[in-house]
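Colleague: One structure, pasted below without further comment.
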Number of protein chains: 2
Amino acid sequence: MVEHRKPIPVHEAVARVINKAKPLGTETVPLAESYGRILAEPVAASHAVPPFDRSPYDGFAIRSTDSVGASGDHRVKFAIVDYIGAGAVSKAVLGPNEAVRIMTGAQLPEGADAVVMLEQTAELENGFTIRKPFKALENLSLKGEDVQEGEEVVPAGSLIHPGTIAVLATFGYAEVRVAKRPVVGVLSTGTELLDVSEPLVPGKIRNSNGPMIAAQLARMGIDCKMYGLSVDHLEDSLKAVQRAAAETDCLITTGGVSVGDFDFLPAIYERLGAQVLFNKVAMRPGSVTTVAVADGKYLFGLSGNPSACFTGFELFVRPALLTMMGAMKIYLPHTRAVLDEDFAKANPFTRFIRASYDGATVRPAGFNKSNAVSSIARGNALIVLPGGTRGFKAGDQVDVLLLGSEEGTAEWKL
Amino acid sequence: MVEHRKPIPVHEAVARVINKAKPLGTETVPLAESYGRILAEPVAASHAVPPFDRSPYDGFAIRSTDSVGASGDHRVKFAIVDYIGAGAVSKAVLGPNEAVRIMTGAQLPEGADAVVMLEQTAELENGFTIRKPFKALENLSLKGEDVQEGEEVVPAGSLIHPGTIAVLATFGYAEVRVAKRPVVGVLSTGTELLDVSEPLVPGKIRNSNGPMIAAQLARMGIDCKMYGLSVDHLEDSLKAVQRAAAETDCLITTGGVSVGDFDFLPAIYERLGAQVLFNKVAMRPGSVTTVAVADGKYLFGLSGNPSACFTGFELFVRPALLTMMGAMKIYLPHTRAVLDEDFAKANPFTRFIRASYDGATVRPAGFNKSNAVSSIARGNALIVLPGGTRGFKAGDQVDVLLLGSEEGTAEWKL
């Protein structure tokens with residue numbers, strides 16, 4: 001009567017999911033719309049940065065040899081022969097004790113090899129004096145000191161963040177080749193579910209998983225199609241899943257994956273001929289999380305319990321979608337932090353606790369059951385306690401996965 | 001000839017900026033569009049969660065008194081009198097040794113005070129036996145155990161993230177009252193600047209700051225109006241600034257804030273009658289960062305150097321915009337990490353170094369000058385070294401501010 005399922009470790013479940021990812025292909029978008037996308041090609045330097053020797057200050061370009069011997073008692077005098085604003089190029093070729101007035105960012109004139117800062121001079125009519133010698137290359141930004149021409153500045157598979165945009169702009173990428181984004185379907189099962197706009201009635205609750213997953217996808221810049229609420233009847237559910245799977249690159253269902261009388265998803269996977277990658281993970285919450293693949297598409301069967309659903313998305317769906325987009329840093333960022341209060345419960349399986357992390361300490365974000373919803377709202381991290389442990393004390397170091405970070409990490413560290 | 005400016009500490013500069021923030025007002029958006037917005041009102045629980053006593057498992061609802069004395073040698077027998085799916089409500093009132101078949105999430109029938117899990121039973125025709133006694137409230141999710149009716153679950157000023165969406169959905173918020181978002185103008189000054197689509201010519205560079213800032217704003221979900229490139233002439237620049245300021249809630253300029261011959265912004269602030277909050281900050285890069293207020297609107301004068309510009313945005317613009325939106329957690333998340341390589345330079349001012357942080361260690365993300373652009377692309381954090389220090393060694397603990405996090409922290413910790 002009760003189906004027996006063998007739980008697999010979290011890291012193995014993650015690996016099984018990732019291995020099934022199929023790339024979505026690439027497309028070109030304008031630079032101004034590329035924030036948050038995954039780079040499909042490396043950013044290569046089309047020129048050196050800076051592209052020419054330039055002045056980092058407002059001042060005077062000189063020949064350092066002319067400054068030899070300058071001192072407070074023996075000020076050396078220069079005549080100003082030209083004036084270069086940023087963006088302009090001087091035609092002057094410096095002769096002995098000649099200088100060119102130069103603005104920040106302007107290209108060094110021919111013959112010059114140092115810059116005297118404005119505040120290092122005493123003004124004369126049509127010239128100035130200095131009281132110290134300058135070394136060759138002093139106060140210069142040299143061509144290529146930041147980036148060499150041809151250098152790979154950002155590898156393919158990186159998230160395009162504001163710093164990436166700055167280099168793309170620098171190198172003239174008015175358009176950027178990026179990974180296509182998947183279209184993800186979300187189908188919430190459960191006869192107890194009301195829509196958010198419906199009044200509460202006895203025995204029912206509003207569907208929070210659907211909107212939550214839509215926001216988890218939005219956080220990744222990914223759109224979803226909501227398939228509303230499916231009733232708990234096998235044939236209706238099968239049709240709903242088939243339709244949704246046909247219209248999307250990946251389908252997430254919530255609920256119906258357990259072993260109850262109304263848990264139709266195992267039967268649906270069978271009817272679809274889906275390959276079930278696992279249907280039991282050694283984790284709490286969300287041990288019933290199931291991932292299957294049919295016709296090369298993921299079918300993520302997340303728990304109907306909000307905390308379990310949330311965690312299943314972050315652990316499995318997120319890295320799978322990122323892998324489909326060719327991203328390198330697919331896992332939630334990991335750190336270690338000091339537990340701020342005792343956690344006495346036993347952890348037969350790896351336990352993921354919605355938590356508040358403040359950069360040093362971490363504490364559970366409230367009520368800790370798989371059906372809890374408040375702690376998801378209050379948390380910004382997941383505490384991870386290894387299976388087979390119990391009795392963590394305030395002051396213990398624990399593993400933490402950070403939520404809501406723009407880019408994650410390339411390695412699964414747990 | 002060279003204007004003398006008195007630098008103020010970073011924390012004071014931040015405080016001066018924040019103090020000038022004016023709220024933008026609120027608006028109502030559909031729940032499905034509320035991700036990333038700032039809550040204008042607290043989320044209050046319109047009902048308890050769970051809203052009724054319910055079963056967390058598939059099993060049988062019983063009266064615990066009937067299980068007294070059950071053991072392997074003395075199994076106690078129950079008759080099944082009804083069957084409740086999730087979302088349904090049973091009319092049954094349990095009598096002695098009666099049970100109701102109950103699904104996960106379903107409301108407990110009258111008279112029942114415990115749930116026997118399916119796997120804790122031996123099946124009979126129309127009934128089952130158990131081999132252990134059950135305590136009152138055993139295997140139950142009690143009404144209100146997660147949230148009490150009327151409780152404030154999420155305070156106003158919080159970022160709406162996927163967990164917030166889950167509670168909003170739970171409590172029937174089909175629409176959400178959120179802070180309006182500012183419209184931000186971006187105006188890049190500098191005769192040396194080319195547009196991203198223009199070919200490189202001698203003496204010029206492409207404008208990377210404008211697109212970068214647009215992406216820093218996009219990361220906050222904020223739109224911007226780009227005012228393209230203004231030439232370095234006072235009257236033209238004044239008109240461009242006036243027009244941009246009139247069309248936006250806040251104007252960011254890049255370049256032109258220093259003391260060079262082409263740095264018109266100080267003169268523009270004067271002509272506008274703007275109150276200059278500061279024009280020199282004891283920080284590197286970006287010491288010339290200037291913030292002024294005219295007609296109640298911010299004028300952010302960021303450095304034209306990319307790294308300085310980037311840092312100035314994250315330190316000053318970001319918390320100011322978040323404060324305008326009524327957000328509580330306005331500062332970049334702070335942590336401490338182990339420096340992964342020596343950093344020998346002296347730090348006359350507080351130094352912000354673009355850096356790569358991996359959850360434990362942190363290292364400079366490459367070439368470290370204010371005009372560097374590659375390190376912005378490669379970094380995900382800022383190392384902060386206090387002014388008046390020098391000679392940090394690999395292994396030293398240093399302050400780190402994290403970039404690209406969905407929500408920050410309410411306190412400035414440096």
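Residues in the structure tokens are named by chain (A, B, ... in the order shown) and by number from 1 within that chain; ligands are numbered from 1 in the order shown.
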Residues of region 90-259 of chain A classed as strand (DSSP E or B) by DSSP on the backbone are to be reported as an NGL selection string.
Modeller: :A and (93 or 98-102 or 107 or 110 or 114-117 or 121-124 or 127-130 or 141 or 147 or 152-154 or 159 or 175-179 or 184-189 or 193-194 or 205-206 or 224-230 or 250-254)
Colleague: Contacts of region 94-109 of chain A at 6 Å or less, counting only C-alpha atoms, minus same-chain residues fewer than 4 places along, as a VMD selection string?
Modeller: (chain A and resid 53 to 62 66 78 to 87 90) or (chain B and resid 203)
Colleague: Please produce a file of the residues just selected, as a compact mmCIF listing (two decimals), in the first residue's frame, where the atoms kept are N, CA, C and O atoms.
Modeller:
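The resulting file, selection_16.txt, is shown below:
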```txt
# COMPACT_ATOMS: atom_id res chain seq x y z
N ASP A 53 48.61 55.80 -24.31
CA ASP A 53 49.17 56.36 -23.07
C ASP A 53 48.40 57.64 -22.77
O ASP A 53 48.26 58.51 -23.64
N ARG A 54 47.93 57.78 -21.55
CA ARG A 54 47.12 58.97 -21.26
C ARG A 54 47.41 59.54 -19.87
O ARG A 54 48.04 58.89 -19.03
N SER A 55 46.94 60.74 -19.68
CA SER A 55 47.17 61.40 -18.40
C SER A 55 46.05 61.07 -17.43
O SER A 55 44.88 61.25 -17.76
N PRO A 56 46.40 60.61 -16.24
CA PRO A 56 45.36 60.36 -15.24
C PRO A 56 44.99 61.62 -14.47
O PRO A 56 44.12 61.58 -13.60
N TYR A 57 45.68 62.72 -14.74
CA TYR A 57 45.46 63.96 -13.98
C TYR A 57 45.36 65.15 -14.92
O TYR A 57 45.76 65.08 -16.08
N ASP A 58 44.87 66.26 -14.40
CA ASP A 58 45.01 67.53 -15.09
C ASP A 58 46.40 68.06 -14.78
O ASP A 58 46.81 68.10 -13.61
N GLY A 59 47.14 68.43 -15.82
CA GLY A 59 48.50 68.89 -15.56
C GLY A 59 49.24 69.21 -16.84
O GLY A 59 48.65 69.72 -17.80
N PHE A 60 50.52 68.87 -16.87
CA PHE A 60 51.37 69.18 -18.03
C PHE A 60 52.16 67.95 -18.44
O PHE A 60 52.79 67.30 -17.59
N ALA A 61 52.10 67.65 -19.72
CA ALA A 61 52.94 66.56 -20.25
C ALA A 61 54.33 67.13 -20.52
O ALA A 61 54.47 68.19 -21.15
N ILE A 62 55.36 66.44 -20.03
CA ILE A 62 56.75 66.90 -20.22
C ILE A 62 57.62 65.73 -20.66
O ILE A 62 57.19 64.58 -20.67
N ASP A 66 64.05 66.51 -19.16
CA ASP A 66 64.17 67.95 -18.92
C ASP A 66 64.04 68.30 -17.44
O ASP A 66 64.37 69.43 -17.04
N PHE A 78 59.48 75.47 -17.76
CA PHE A 78 58.93 74.89 -18.99
C PHE A 78 58.06 75.92 -19.70
O PHE A 78 57.38 76.72 -19.04
N ALA A 79 58.07 75.85 -21.02
CA ALA A 79 57.20 76.70 -21.83
C ALA A 79 56.01 75.86 -22.32
O ALA A 79 56.21 74.72 -22.76
N ILE A 80 54.81 76.41 -22.24
CA ILE A 80 53.62 75.67 -22.69
C ILE A 80 53.44 75.88 -24.19
O ILE A 80 53.29 77.02 -24.64
N VAL A 81 53.48 74.79 -24.97
CA VAL A 81 53.41 74.92 -26.43
C VAL A 81 52.08 74.45 -27.02
O VAL A 81 51.80 74.68 -28.19
N ASP A 82 51.25 73.80 -26.21
CA ASP A 82 49.94 73.37 -26.72
C ASP A 82 49.04 73.04 -25.54
O ASP A 82 49.50 73.01 -24.38
N TYR A 83 47.80 72.75 -25.86
CA TYR A 83 46.76 72.56 -24.86
C TYR A 83 45.87 71.43 -25.37
O TYR A 83 45.30 71.52 -26.46
N ILE A 84 45.78 70.31 -24.61
CA ILE A 84 44.97 69.17 -25.07
C ILE A 84 43.83 68.91 -24.10
O ILE A 84 44.05 68.55 -22.94
N GLY A 85 42.61 69.05 -24.59
CA GLY A 85 41.46 68.60 -23.81
C GLY A 85 41.31 67.09 -23.97
O GLY A 85 41.87 66.50 -24.90
N ALA A 86 40.53 66.48 -23.08
CA ALA A 86 40.27 65.05 -23.23
C ALA A 86 39.59 64.83 -24.57
O ALA A 86 38.73 65.61 -24.98
N GLY A 87 40.00 63.79 -25.28
CA GLY A 87 39.41 63.48 -26.56
C GLY A 87 40.13 64.12 -27.73
O GLY A 87 39.98 63.71 -28.87
N SER A 90 47.07 66.17 -29.61
CA SER A 90 47.97 67.28 -29.91
C SER A 90 48.88 66.93 -31.08
O SER A 90 49.30 65.78 -31.22
N GLY B 203 42.70 59.23 -29.27
CA GLY B 203 42.43 60.16 -28.19
C GLY B 203 41.09 59.95 -27.51
O GLY B 203 40.81 60.54 -26.47
```
Colleague: Assign secondary structure with DSSP using the backbone only, and return the residues of region 151-225 of chain A in helix (DSSP H, G or I) as a ChimeraX atom specification.
Modeller: /A:162-170,209-219
Colleague: Generate the output file for the selected residues, C-alpha atoms, as a PDB file, in the first residue's frame.
Modeller:
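The resulting file, part_4.pdb, is reproduced below:
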```pdb
ATOM      1  CA  PRO A 162      26.806  46.130 -14.467  1.00  0.00           C
ATOM      2  CA  GLY A 163      30.580  45.597 -14.529  1.00  0.00           C
ATOM      3  CA  THR A 164      30.221  43.285 -17.515  1.00  0.00           C
ATOM      4  CA  ILE A 165      28.158  45.973 -19.237  1.00  0.00           C
ATOM      5  CA  ALA A 166      31.002  48.440 -18.656  1.00  0.00           C
ATOM      6  CA  VAL A 167      33.506  46.254 -20.515  1.00  0.00           C
ATOM      7  CA  LEU A 168      31.026  45.392 -23.240  1.00  0.00           C
ATOM      8  CA  ALA A 169      30.492  49.123 -23.803  1.00  0.00           C
ATOM      9  CA  THR A 170      34.221  49.788 -23.705  1.00  0.00           C
ATOM     10  CA  ASN A 209       3.450  28.091  -4.422  1.00  0.00           C
ATOM     11  CA  GLY A 210       2.494  29.198  -7.930  1.00  0.00           C
ATOM     12  CA  PRO A 211       3.092  32.927  -7.361  1.00  0.00           C
ATOM     13  CA  MET A 212       6.194  32.141  -5.291  1.00  0.00           C
ATOM     14  CA  ILE A 213       7.761  30.063  -8.063  1.00  0.00           C
ATOM     15  CA  ALA A 214       6.875  32.742 -10.608  1.00  0.00           C
ATOM     16  CA  ALA A 215       8.861  35.171  -8.432  1.00  0.00           C
ATOM     17  CA  GLN A 216      11.748  32.721  -8.045  1.00  0.00           C
ATOM     18  CA  LEU A 217      11.846  32.598 -11.834  1.00  0.00           C
ATOM     19  CA  ALA A 218      11.488  36.389 -12.115  1.00  0.00           C
ATOM     20  CA  ARG A 219      14.492  36.703  -9.802  1.00  0.00           C
TER      21      ARG A 219
END
```
Colleague: Using only C-alpha atoms, which protein or nucleic acid residues come within 8 Å of region 325-336 of chain A? Drop anything in the same chain fewer than 2 positions from it, and give the result as a ChimeraX atom specification.
Modeller: /A:23-25,38-40,156-159,179-182,314-315,318-323,338,397-403,405,407-413 /B:358-360
Colleague: Figure out the distance between CA of Gly388 (chain A) and CA of Met117 (chain B), please, to one decimal in Å.
Modeller: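 It comes out at 23.1 Å.
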Colleague: Skipping near chain neighbours, those fewer than 2 positions away, what residues fall within 10 Å of Asn305 (chain A) using only C-alpha atoms, listed as JSON, numbers by chain?
Modeller: {"A": [208, 209, 254, 255, 285, 286, 302, 303, 307, 308, 309, 310, 369, 370, 371, 372, 373], "B": [56, 104, 105]}
Colleague: Could those selected residues go to a file with C-alpha atoms, as a PDB file, in the first residue's frame?
Modeller:
```pdb
ATOM      1  CA  SER A 208       1.050  30.403  -2.591  1.00  0.00           C
ATOM      2  CA  ASN A 209       3.450  28.091  -4.422  1.00  0.00           C
ATOM      3  CA  THR A 254       3.753  21.550  -7.093  1.00  0.00           C
ATOM      4  CA  GLY A 255       2.080  18.914  -4.984  1.00  0.00           C
ATOM      5  CA  PRO A 285      11.998  19.580   3.816  1.00  0.00           C
ATOM      6  CA  GLY A 286      11.164  18.236   0.407  1.00  0.00           C
ATOM      7  CA  LEU A 302       8.113  19.872  -6.211  1.00  0.00           C
ATOM      8  CA  SER A 303       6.397  19.304  -2.910  1.00  0.00           C
ATOM      9  CA  SER A 307       9.012  25.591   2.411  1.00  0.00           C
ATOM     10  CA  ALA A 308       9.748  22.316   0.664  1.00  0.00           C
ATOM     11  CA  CYS A 309       8.652  23.766  -2.660  1.00  0.00           C
ATOM     12  CA  PHE A 310      10.815  26.854  -2.219  1.00  0.00           C
ATOM     13  CA  LYS A 369       8.134  22.902   9.307  1.00  0.00           C
ATOM     14  CA  SER A 370       7.901  21.975   5.663  1.00  0.00           C
ATOM     15  CA  ASN A 371       4.461  23.581   5.440  1.00  0.00           C
ATOM     16  CA  ALA A 372       5.635  26.877   6.966  1.00  0.00           C
ATOM     17  CA  VAL A 373       5.293  29.967   4.849  1.00  0.00           C
TER      18      VAL A 373
ATOM     19  CA  PRO B  56       0.486  16.990   7.717  1.00  0.00           C
ATOM     20  CA  THR B 104      -2.171  15.696   3.619  1.00  0.00           C
ATOM     21  CA  GLY B 105      -3.396  19.228   4.193  1.00  0.00           C
TER      22      GLY B 105
END
```
Colleague: Here is a test: counting only C-alpha atoms, which residue of A:Ser356, A:Gln242, A:Thr65, A:Thr290 is nearest to Gly256 (chain A)?
Modeller: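 Of A:Ser356, A:Gln242, A:Thr65, A:Thr290, the one nearest Gly256 (chain A) is A:Thr290, counting only C-alpha atoms.
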Colleague: Between CA of Gly273 (chain B) and CA of Glu119 (chain A), what is the distance in Å, rounded to a tenth?
Modeller: 28.6 Å
Colleague: Here is a test: counting only C-alpha atoms, which residue of B:Ala346, B:Leu339, B:Leu142, B:Val93 is nearest to Pro51 (chain B)?
Modeller: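 Of all the options, B:Leu142 lies closest to Pro51 (chain B).
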Colleague: Skipping near chain neighbours, those fewer than 6 positions away, what residues fall within 6 Å of Lys280 (chain A) using only C-alpha atoms, listed as a PyMOL selection string?
Modeller: chain A and resi 7+287-288
Colleague: How many Å lie between CA of Ala48 (chain B) and CA of Val147 (chain B), rounded to one decimal?
Modeller: 5.5 Å
Colleague: Here is a test: counting only C-alpha atoms, which residue of A:Asp396, A:Glu270, A:Asp195, A:Glu247 is nearest to chain B?
Modeller: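 Looking at the shortest contact to chain B, the residue is A:Asp195.
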